[in-house]
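Novice: If it helps, the file is called model_7.txt and holds compact mmCIF, C-alpha atoms:
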# COMPACT_ATOMS: atom_id res chain seq x y z
CA MET A 52 -4.00 12.27 -1.65
CA ALA A 53 -4.57 8.61 -0.97
CA GLY A 54 -7.21 7.14 1.32
CA TYR A 55 -7.69 4.14 3.60
CA ILE A 56 -10.91 2.31 4.39
CA PHE A 57 -10.73 0.40 7.69
CA THR A 58 -13.09 -2.41 8.67
CA VAL A 59 -14.68 -2.19 12.11
CA ASP A 60 -15.54 -5.62 13.52
CA ASP A 61 -18.53 -6.55 15.66
CA SER A 62 -16.63 -6.21 18.94
CA ILE A 63 -16.60 -2.40 18.80
CA GLY A 64 -19.11 0.25 17.80
CA ILE A 65 -18.38 2.67 14.98
CA GLU A 66 -18.65 5.71 17.26
CA GLU A 67 -16.26 4.26 19.83
CA MET A 68 -13.79 3.36 17.07
CA ILE A 69 -13.78 6.90 15.71
CA ARG A 70 -13.67 8.64 19.10
CA ASN A 71 -10.51 6.71 19.99
CA GLY A 72 -8.52 8.45 17.25
CA TYR A 73 -6.37 5.42 16.52
CA TYR A 74 -6.61 2.25 14.46
CA SER A 75 -4.74 -1.03 14.85
CA THR A 76 -5.18 -4.37 13.10
CA ASN A 77 -5.67 -7.50 15.16
CA ILE A 78 -3.07 -10.01 13.96
CA LYS A 79 -4.90 -13.14 15.03
CA TYR A 80 -2.99 -16.29 15.91
CA LYS A 81 -2.92 -19.10 18.45
CA GLU A 82 0.31 -21.05 18.54
CA LYS A 83 1.89 -19.65 15.36
CA ILE A 84 1.61 -16.42 13.36
CA ALA A 85 0.77 -16.78 9.66
CA ILE A 86 3.81 -15.17 8.03
CA THR A 87 2.26 -13.84 4.79
CA PRO A 88 -0.62 -11.90 6.43
CA PHE A 89 1.88 -10.62 9.01
CA GLU A 90 4.26 -9.24 6.40
CA SER A 91 1.42 -8.03 4.17
CA THR A 92 -0.16 -6.04 7.00
CA PHE A 93 3.21 -4.42 7.74
CA ALA A 94 3.38 -3.52 4.05
CA ASP A 95 -0.10 -1.97 4.24
CA TYR A 96 0.93 0.30 7.12
CA ILE A 97 4.38 1.28 5.89
CA THR A 98 3.18 3.51 3.02
CA MET A 99 0.78 5.52 5.22
CA LYS A 100 1.42 9.26 5.07
CA GLU A 101 0.28 12.25 7.06
CA ASN A 102 -2.95 13.75 5.61
CA ASP A 103 -4.03 10.57 3.81
CA ASN A 104 -7.80 10.37 4.24
CA ILE A 105 -9.40 7.60 6.24
CA TYR A 106 -12.88 6.08 6.37
CA PHE A 107 -14.49 3.25 8.33
CA PHE A 108 -16.59 0.39 7.00
CA LYS A 109 -19.16 -1.56 8.97
CA ASP A 110 -22.43 -3.33 8.10
CA ARG A 111 -22.42 -2.31 4.43
CA LYS A 112 -21.85 1.37 5.23
CA ILE A 113 -18.83 3.67 4.99
CA TYR A 114 -18.34 6.37 7.62
CA GLY A 115 -16.05 9.37 7.14
CA VAL A 116 -14.12 11.64 6.68
CA GLY A 117 -10.82 11.80 8.58
CA LYS A 118 -7.11 12.09 7.91
CA LEU A 119 -3.95 10.56 9.30
CA ILE A 120 -1.96 12.84 11.60
CA LYS A 121 1.59 12.87 12.84
CA ILE A 122 2.25 12.40 16.52
CA GLY A 123 5.93 12.97 16.91
CA ASP A 124 7.73 12.12 13.66
CA ASP A 125 5.15 9.89 11.97
CA CYS A 126 1.50 8.90 11.70
CA LYS A 127 2.12 5.15 12.21
CA TYR A 128 4.29 3.16 14.61
CA ASP A 129 5.01 -0.22 16.09
CA ASN A 130 2.46 -0.35 18.91
CA TYR A 131 5.17 -1.76 21.16
CA VAL A 132 8.91 -2.24 20.83
CA GLY A 133 9.66 -5.28 18.69
CA ALA A 134 6.17 -5.46 17.15
CA SER A 135 7.55 -5.79 13.60
CA LYS A 136 9.61 -8.83 14.53
CA TYR A 137 8.15 -12.21 13.67
CA LYS A 138 7.82 -13.21 17.29
CA ILE A 139 5.05 -14.05 19.73
CA TYR A 140 5.03 -11.89 22.86
CA THR A 141 3.31 -12.07 26.22
CA ASN A 142 1.66 -9.09 27.86
CA ASP A 143 4.41 -8.89 30.45
CA GLU A 144 7.07 -8.55 27.72
CA ILE A 145 5.44 -5.54 26.06
CA ILE A 146 3.64 -3.74 28.88
CA ASP A 147 6.40 -1.18 29.46
CA SER A 148 6.55 -0.03 25.83
CA ILE A 149 2.97 -0.25 24.58
CA LEU A 150 1.44 2.87 23.05
CA VAL A 151 -2.22 1.79 23.20
CA ASP A 152 -3.20 -0.95 25.62
CA TYR A 153 -5.74 -3.48 24.33
CA GLY A 154 -5.70 -5.54 27.53
CA SER A 155 -5.03 -9.25 27.17
CA GLU A 156 -5.19 -8.89 23.38
CA SER A 157 -2.41 -6.28 23.24
CA PRO A 158 0.27 -8.55 21.71
CA HIS A 159 -2.02 -9.06 18.69
CA TYR A 160 -2.19 -5.31 17.91
CA ARG A 161 1.21 -4.84 16.28
CA TRP A 162 0.97 -1.56 14.36
CA ILE A 163 -1.05 1.57 14.99
CA CYS A 164 -1.94 4.79 13.18
CA PHE A 165 -3.53 8.02 14.41
CA PHE A 166 -6.18 10.25 12.89
CA GLU A 167 -8.50 13.23 13.29
CA ALA A 168 -11.68 14.44 11.57
CA SER A 169 -11.30 16.13 8.17
CA PRO A 170 -13.65 17.94 8.27
CA PHE A 171 -16.05 15.63 10.14
CA PHE A 172 -16.85 12.06 10.97
CA TYR A 173 -20.60 11.63 10.56
CA LYS A 174 -22.77 9.29 12.60
CA ILE A 175 -24.60 8.58 9.36
CA GLY A 176 -22.89 6.20 6.96
CA ILE A 177 -23.31 5.84 3.20
CA ASP A 178 -24.27 2.43 1.84
CA MET A 179 -21.64 0.67 -0.27
CA ASP A 180 -24.07 0.39 -3.22
CA ASP A 181 -24.58 4.16 -3.19
CA VAL A 182 -20.82 4.70 -3.11
CA LEU A 183 -20.16 2.43 -6.08
CA GLN A 184 -22.91 4.07 -8.12
CA TYR A 185 -21.34 7.52 -7.69
CA LYS A 186 -18.71 7.99 -10.44
CA PRO A 187 -18.48 4.22 -10.92
CA ASN A 188 -15.44 4.43 -13.19
CA SER A 189 -13.43 6.00 -10.35
CA PHE A 190 -13.77 3.02 -8.03
CA LYS A 191 -11.34 0.19 -8.70
CA SER A 192 -9.84 -0.99 -5.40
CA LEU A 193 -13.09 -0.65 -3.47
CA ARG A 194 -14.74 -3.18 -5.78
CA THR A 195 -12.20 -5.80 -4.68
CA PHE A 196 -12.42 -5.11 -0.93
CA TRP A 197 -12.56 -8.73 0.22
CA LYS A 198 -11.02 -10.68 3.13
CA ARG A 199 -8.92 -7.71 4.23
CA THR A 200 -9.02 -5.55 7.33
CA PHE A 201 -8.44 -2.42 5.27
CA ILE A 202 -7.57 -1.23 1.79
CA LYS A 203 -5.72 1.70 0.28
CA ILE A 204 -7.43 3.71 -2.46
CA ASP A 205 -5.73 6.04 -4.92
CA ASP A 206 -6.23 9.78 -5.35
CA GLU A 207 -9.05 9.51 -7.88
CA GLU A 208 -10.98 6.99 -5.81
CA ASN A 209 -10.42 8.99 -2.63
CA GLN A 210 -11.55 12.22 -4.28
CA ALA A 211 -14.77 10.59 -5.47
CA LEU A 212 -15.48 9.24 -1.98
CA ARG A 213 -14.81 12.62 -0.34
CA GLU A 214 -17.08 14.32 -2.87
CA LEU A 215 -19.92 11.95 -2.10
CA PHE A 216 -19.73 12.67 1.64
CA ILE A 217 -19.69 16.42 0.98
CA LEU A 218 -22.69 16.23 -1.35
CA ARG A 219 -24.75 13.91 0.87
CA LEU A 220 -23.85 15.07 4.36
CA SER A 221 -22.60 18.66 4.18
CA ASP A 222 -25.63 19.87 6.16
CA CYS A 223 -25.52 17.02 8.69
CA LYS A 224 -24.85 18.17 12.27
CA ASP A 225 -24.78 14.66 13.74
CA ILE A 226 -21.02 14.19 13.97
CA ILE A 227 -18.56 12.12 16.01
CA ASN A 228 -15.78 13.94 17.83
CA VAL A 229 -12.30 12.41 18.04
CA GLU A 230 -11.03 12.40 21.63
CA LEU A 231 -7.43 11.24 21.15
CA ASN A 232 -5.00 12.40 23.84
CA LYS A 233 -2.08 13.30 21.58
CA SER A 234 0.27 14.46 24.32
CA GLU A 235 -0.15 11.20 26.24
CA ILE A 236 0.68 9.14 23.15
CA LYS A 237 3.61 11.38 22.23
CA SER A 238 5.12 10.96 25.69
CA LYS A 239 5.31 7.18 25.14
CA ILE A 240 6.85 7.18 21.65
CA THR A 241 10.56 6.38 21.36
CA VAL A 242 12.87 5.82 18.39
CA GLN A 243 12.34 2.09 18.94
CA HIS A 244 8.67 2.44 18.02
CA LYS A 245 9.54 3.53 14.47
CA MET A 246 8.38 0.98 11.92
CA SER A 247 11.33 -0.53 10.09
CA TYR A 248 11.69 -3.35 7.58
CA THR A 249 14.99 -4.30 9.21
CA ASN A 250 13.01 -5.67 12.18
CA LEU A 251 10.62 -7.43 9.81
CA ILE A 252 13.21 -9.26 7.66
CA VAL A 253 15.55 -10.41 10.42
CA THR A 254 13.93 -13.87 10.50
CA SER A 255 13.60 -14.05 6.70
CA ILE A 256 17.25 -13.70 5.67
CA ASN A 257 18.99 -16.62 3.96
CA GLY A 258 22.44 -15.60 2.82
CA ASN A 259 22.05 -12.60 0.52
CA LYS A 260 18.33 -13.03 -0.09
CA LEU A 261 14.98 -13.34 1.69
CA ILE A 262 12.97 -16.53 2.00
CA HIS A 263 9.58 -14.76 1.91
CA GLU A 264 8.47 -12.85 -1.19
CA MET A 265 6.20 -10.62 0.88
CA ALA A 266 9.22 -9.60 2.96
CA VAL A 267 10.92 -8.35 -0.24
CA GLU A 268 7.73 -6.50 -1.09
CA ALA A 269 7.38 -4.90 2.34
CA ALA A 270 11.03 -3.80 2.46
CA THR A 271 10.81 -2.30 -1.04
CA LEU A 272 7.58 -0.47 -0.22
CA GLU A 273 9.27 1.14 2.77
CA LYS A 274 12.18 2.24 0.59
CA LEU A 275 9.79 3.71 -1.98
CA SER A 276 7.69 5.47 0.68
CA LEU A 277 10.67 7.52 1.84
CA ILE A 278 10.22 9.62 -1.32
CA GLU A 279 13.91 9.69 -2.09
CA GLU A 280 15.58 9.50 -5.46
CA ASP A 281 16.92 5.99 -5.81
CA ILE A 282 17.13 3.24 -8.38
CA PHE A 283 13.33 3.29 -8.82
CA GLY A 284 12.95 7.07 -8.81
CA LYS A 285 10.49 9.17 -6.82
CA TRP A 286 6.77 8.28 -6.63
CA ASP A 287 3.80 10.11 -5.13
CA PHE A 288 1.42 7.18 -4.68
CA ILE A 289 2.56 3.66 -3.80
CA THR A 290 0.55 0.55 -3.04
CA HIS A 291 0.74 -3.21 -3.36
CA GLN A 292 -1.38 -6.22 -4.29
CA ILE A 293 -3.65 -4.16 -6.55
CA SER A 294 -5.97 -6.17 -8.80
CA ALA A 295 -5.09 -6.32 -12.49
CA SER A 296 -7.66 -8.47 -14.24
CA PRO A 297 -11.27 -8.29 -15.46
CA PHE A 298 -13.80 -8.46 -12.67
CA LYS A 299 -14.28 -12.00 -11.35
CA PRO A 300 -14.22 -13.71 -7.93
CA VAL A 301 -11.57 -11.76 -6.00
CA ASP A 302 -9.61 -14.84 -4.94
CA TYR A 303 -8.89 -15.56 -8.62
CA MET A 304 -7.81 -12.08 -9.64
CA ASP A 305 -4.22 -11.38 -10.67
CA LYS A 306 -2.49 -8.84 -8.45
CA ILE A 307 0.37 -6.45 -9.14
CA ASP A 308 3.08 -6.73 -6.49
CA ILE A 309 3.85 -2.99 -6.44
CA PHE A 310 1.97 -0.23 -8.27
CA ALA A 311 2.81 3.46 -8.16
CA TYR A 312 2.46 6.74 -9.98
CA ARG A 313 3.98 10.22 -9.91
CA TYR A 314 2.70 13.67 -10.79
CA THR A 315 4.24 16.12 -13.22
CA GLU A 316 6.09 19.07 -11.68
CA LEU A 317 5.59 21.33 -14.72
CA SER A 318 2.44 23.17 -13.61
CA ASP A 319 0.00 23.71 -10.78
CA CYS A 320 -2.32 21.16 -12.37
CA ARG A 321 -1.86 17.69 -10.85
CA VAL A 322 -1.40 15.37 -13.81
CA ILE A 323 -0.08 11.84 -13.50
CA SER A 324 3.04 11.72 -15.64
CA LYS A 325 4.16 8.13 -15.09
CA TYR A 326 2.95 4.80 -13.73
CA MET A 327 5.17 2.07 -12.32
CA VAL A 328 4.63 -1.67 -12.03
CA VAL A 329 7.00 -4.03 -10.20
CA GLU A 330 6.96 -7.83 -10.30
CA LEU A 331 8.90 -9.49 -7.45
CA LYS A 332 10.66 -12.80 -7.16
CA LYS A 333 12.45 -13.69 -3.94
CA ASP A 334 14.73 -16.07 -5.84
CA SER A 335 15.24 -16.17 -9.61
CA ALA A 336 13.30 -14.50 -12.41
CA ASP A 337 12.92 -16.15 -15.81
CA CYS A 338 11.12 -15.66 -19.12
CA ASP A 339 7.78 -16.51 -17.52
CA THR A 340 8.31 -13.48 -15.28
CA ILE A 341 8.58 -11.31 -18.40
CA LYS A 342 5.25 -12.70 -19.63
CA GLN A 343 3.69 -11.97 -16.26
CA ILE A 344 4.81 -8.36 -16.01
CA THR A 345 3.95 -7.53 -19.63
CA ASN A 346 0.40 -8.70 -18.92
CA TYR A 347 0.31 -6.11 -16.13
CA VAL A 348 1.81 -3.45 -18.39
CA ASP A 349 -0.90 -4.12 -20.97
CA TRP A 350 -3.54 -3.92 -18.22
CA ILE A 351 -2.27 -0.55 -17.00
CA CYS A 352 -2.07 0.75 -20.57
CA LYS A 353 -5.68 -0.23 -21.22
CA ASN A 354 -7.16 0.90 -17.90
CA TYR A 355 -4.97 3.82 -16.78
CA THR A 356 -3.00 5.33 -19.70
CA TYR A 357 -5.52 4.52 -22.44
CA GLY A 358 -3.12 3.26 -25.08
CA ASP A 359 -0.05 5.34 -24.24
CA TYR A 360 2.71 2.94 -23.20
CA SER A 361 5.19 5.81 -22.77
CA LEU A 362 3.57 6.61 -19.41
CA ILE A 363 4.60 3.25 -17.92
CA GLU A 364 7.82 2.07 -16.30
CA ALA A 365 8.16 -1.62 -15.50
CA TYR A 366 10.61 -3.43 -13.23
CA ILE A 367 11.39 -7.03 -12.45
CA LEU A 368 12.93 -7.28 -8.99
CA ALA A 369 14.67 -10.55 -8.15
CA ASN A 370 17.73 -12.00 -6.49
CA GLU A 371 18.90 -13.68 -9.71
CA PHE A 372 18.05 -13.45 -13.42
CA ASP A 373 18.00 -16.26 -15.97
CA ASN A 374 20.51 -15.53 -18.74
CA GLU A 375 17.87 -16.26 -21.39
CA MET A 376 15.89 -13.19 -20.29
CA TYR A 377 18.49 -10.92 -21.85
CA LEU A 378 17.73 -12.40 -25.28
CA LYS A 379 13.97 -11.92 -25.12
CA ASN A 380 13.39 -8.24 -25.90
CA ASP A 381 10.67 -9.27 -28.35
CA MET A 382 8.64 -10.68 -25.46
CA TYR A 383 8.02 -7.29 -23.89
CA GLU A 384 8.48 -4.70 -26.65
CA ARG A 385 5.23 -3.01 -27.63
CA THR A 386 4.47 -0.99 -30.78
CA TYR A 387 1.70 1.58 -30.39
CA ASN A 388 0.23 4.68 -32.06
CA ILE A 389 0.03 8.23 -30.71
CA GLY A 390 -2.01 11.03 -32.30
CA SER A 391 -4.13 10.94 -35.40
CA HIS A 392 -3.07 13.69 -37.85
CA PRO A 393 -0.45 12.49 -38.37
CA ILE A 394 -0.29 9.14 -36.59
CA GLN A 395 2.99 8.57 -34.78
CA ILE A 396 4.22 5.00 -34.44
CA ARG A 397 6.27 4.43 -31.30
CA LYS A 398 7.92 1.55 -29.51
CA TRP A 399 7.89 0.77 -25.78
CA ASN A 400 10.58 -1.34 -24.07
CA ASP A 401 10.91 0.38 -20.68
CA LEU A 402 11.48 -2.77 -18.64
CA LYS A 403 14.37 -2.89 -16.19
CA PHE A 404 15.91 -5.79 -14.31
CA ILE A 405 16.77 -4.92 -10.70
CA LYS A 406 18.72 -7.31 -8.49
CA TYR A 407 18.05 -7.12 -4.78
CA TYR A 408 20.40 -8.49 -2.16
CA ILE A 409 20.80 -8.38 1.60
CA GLU A 410 23.94 -6.93 3.13
CA ASP A 411 24.35 -6.14 6.84
CA ASN A 412 20.61 -6.73 7.37
CA GLN A 413 19.78 -4.05 4.80
CA ILE A 414 18.09 -4.50 1.44
CA LYS A 415 20.06 -3.09 -1.48
CA TYR A 416 19.40 -2.84 -5.21
CA LEU A 417 21.48 -3.06 -8.37
CA ASP A 418 20.36 -2.31 -11.93
CA VAL A 419 21.34 -5.33 -14.04
CA THR A 420 19.24 -4.49 -17.10
CA LYS A 421 22.37 -4.54 -19.21
CA LYS A 422 24.08 -7.83 -18.63
CA GLU A 423 27.76 -7.57 -17.83
CA GLU A 424 29.98 -9.28 -20.40
Could you spell out this file's structure in structure tokens?

Specialist:
Amino acid sequence: MAGYIFTVDDSIGIEEMIRNGYYSTNIKYKEKIAITPFESTFADYITMKENDNIYFFKDRKIYGVGKLIKIGDDCKYDNYVGASKYKIYTNDEIIDSILVDYGSESPHYRWICFFEASPFFYKIGIDMDDVLQYKPNSFKSLRTFWKRTFIKIDDEENQALRELFILRLSDCKDIINVELNKSEIKSKITVQHKMSYTNLIVTSINGNKLIHEMAVEAATLEKLSLIEEDIFGKWDFITHQISASPFKPVDYMDKIDIFAYRYTELSDCRVISKYMVVELKKDSADCDTIKQITNYVDWICKNYTYGDYSLIEAYILANEFDNEMYLKNDMYERTYNIGSHPIQIRKWNDLKFIKYYIEDNQIKYLDVTKKEE
């Protein structure tokens, strides 16, 4: 399962944060909300699933271990009706629908998730240096945890972090109890609290497309998180803005718009059978977009599939496609070897062009890999 590491700021103690049993990000603003962080934070919440592990980070240390829990139909919600709309509210406008009241700051706490211990939250934290030295090859996202309120880590990274807590603190009796009143929260939840990209994109629609690239990303992440068979297929782990470059100052790292993987269904052993990478353009994609996504494909092949391109699916998602892209197969085709005795020479060209468009305030997709004559 995936995991989330939440930052706890100086205004609240780690024990108080954990006892509450809920987490919400403070979307800070004065006269205007910054649109990209707003949409990106929505995108961070929308892929949360029941039983995903959670941890808390404060003053160099990580505290854990918990898991997300459903209250009602989901583990995350709009904290008040209309929270996903790009709109500034007053306390009076939201007071009747708020799930968790943060006082005068309540309008800033847009989305909320709920958790419990799994098995325990310990009062003792583990220093970040100690974490990164335990199975160092497992930690990728944690190494780029910078200027974000929280990050999502994949199954391998989460498993390594859980293991470390078990090995270091299994005999520790100094734990923090979660005191969330689930029935009180459940009594407040309505269908209008459900997180939905339709609320998010309403101010970003321009004809049949969106004017913010992050809005396309957030809407697509929600579609993928429903775990339904669609044009992209079914995926077990989904995230966004994952780093895809050699280690360097985080602000200069390239980031994959959407990254995902699925497990094989052939045995009881959980083996990743396919990785997905998606490059998004809110307007038109061109040949430079092909260069961009093939760089990410090469990165995944080197760092995740270790030379086997067949385990990768790639998509370019855009509102329009330059006609020249259909003539540039040589830009993204890859020849690679499998096996050794004998060596098998194979070719990879699993790149699809997906057109997105907006119809009746809904995002829809169309496979245009094969250009219509």

Novice: Measuring atom to atom with all atoms listed in the file, identify which of A:Asn257, A:Thr200, A:Asn130, A:Asn104 is nearest to His244 of chain A.

Specialist: A:Asn130

Novice: Ranking A:Glu316, A:Asp60, A:Asp334, A:Glu364 by minimum distance to Tyr408 of chain A and counting only C-alpha atoms, which one comes first?

Specialist: A:Asp334

Novice: Using all atoms listed in the file, find all polymer residues with an atom at most 12 Å away from the point (0.2, 15.8, -10.7); report them as a PyMOL selection string.

Specialist: chain A and resi 52+206-207+286-288+312-326

Novice: Which of these residues is nearest to Thr271 of chain A, using all atoms listed in the file: A:Ser157, A:Ile163, A:Tyr407, A:Leu183?

Specialist: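 Of the candidates, the smallest distance to Thr271 of chain A is held by A:Tyr407.
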
Novice: Can you measure atom CA of Ile84 of chain A to atom CA of Ile145 of chain A for me? One decimal in Å is fine.

Specialist: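 Computing it gives 17.2 Å between the two atoms.
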
Novice: Skipping near chain neighbours, those fewer than 2 positions away, what residues fall within 12 Å of Val328 of chain A using all atoms listed in the file, listed as JSON, numbers by chain?

Specialist: {"A": [283, 286, 288, 289, 290, 291, 292, 293, 294, 295, 306, 307, 308, 309, 310, 311, 312, 325, 326, 330, 331, 343, 344, 345, 346, 347, 348, 349, 350, 351, 352, 362, 363, 364, 365, 366, 367, 368, 401, 402, 403]}

Novice: Kindly list the centre and edge lengths in Å, rounded to one decimal, for the axis-aligned box that covers all listed atoms of segment 162-181 of chain A plus 4 Å on each of its six sides, as lines of an AutoDock Vina configuration file.

Specialist:
center_x = -11.8
center_y = 8.2
center_z = 5.9
size_x = 33.6
size_y = 27.5
size_z = 26.2

Novice: How would you write as JSON, numbers by chain the residues that get within 12 Å of (13.4, 2.6, 2.6) in the file's frame, counting all atoms listed in the file?

Specialist: {"A": [94, 97, 98, 246, 247, 248, 249, 267, 268, 269, 270, 271, 272, 273, 274, 275, 276, 277, 278, 279, 280, 281, 282, 283, 285, 413, 414, 415, 416]}

Novice: Calculated over all atoms listed in the file, which of the candidates A:Leu215, A:Ile405, A:Cys126, A:Cys223 has the smallest distance to Asp418 of chain A?

Specialist: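 Nearest to Asp418 of chain A: A:Ile405.
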
Novice: Closest to Asp125 of chain A among A:Leu231, A:Val242, A:Arg213, A:Ile86, using only C-alpha atoms?

Specialist: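 The closest residue to Asp125 of chain A is A:Val242.
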
Novice: Near Arg385 of chain A, within 9 Å and counting all atoms listed in the file, which residues show up once chain neighbours fewer than 4 positions away are dropped, as a list in words?

Specialist: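 Everything that qualifies: Tyr360, Asp381, Arg397, Lys398, Trp399 and Asn400 of chain A.
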
Novice: Any idea what's packed within 12 Å of Tyr128 of chain A, counting all atoms listed in the file, ignoring anything in its chain fewer than 2 positions away? Could you give it as a ChimeraX atom specification?

Specialist: /A:73-75,93,96-100,120-126,130-135,148-151,160-165,236-237,239-247

Novice: For a quick check of understanding, using only C-alpha atoms, which of A:Asn188, A:Asn102, A:Asn232, A:Asn412 has the smallest distance to Ser169 of chain A?

Specialist: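 Counting only C-alpha atoms, the residue closest to Ser169 of chain A is A:Asn102.
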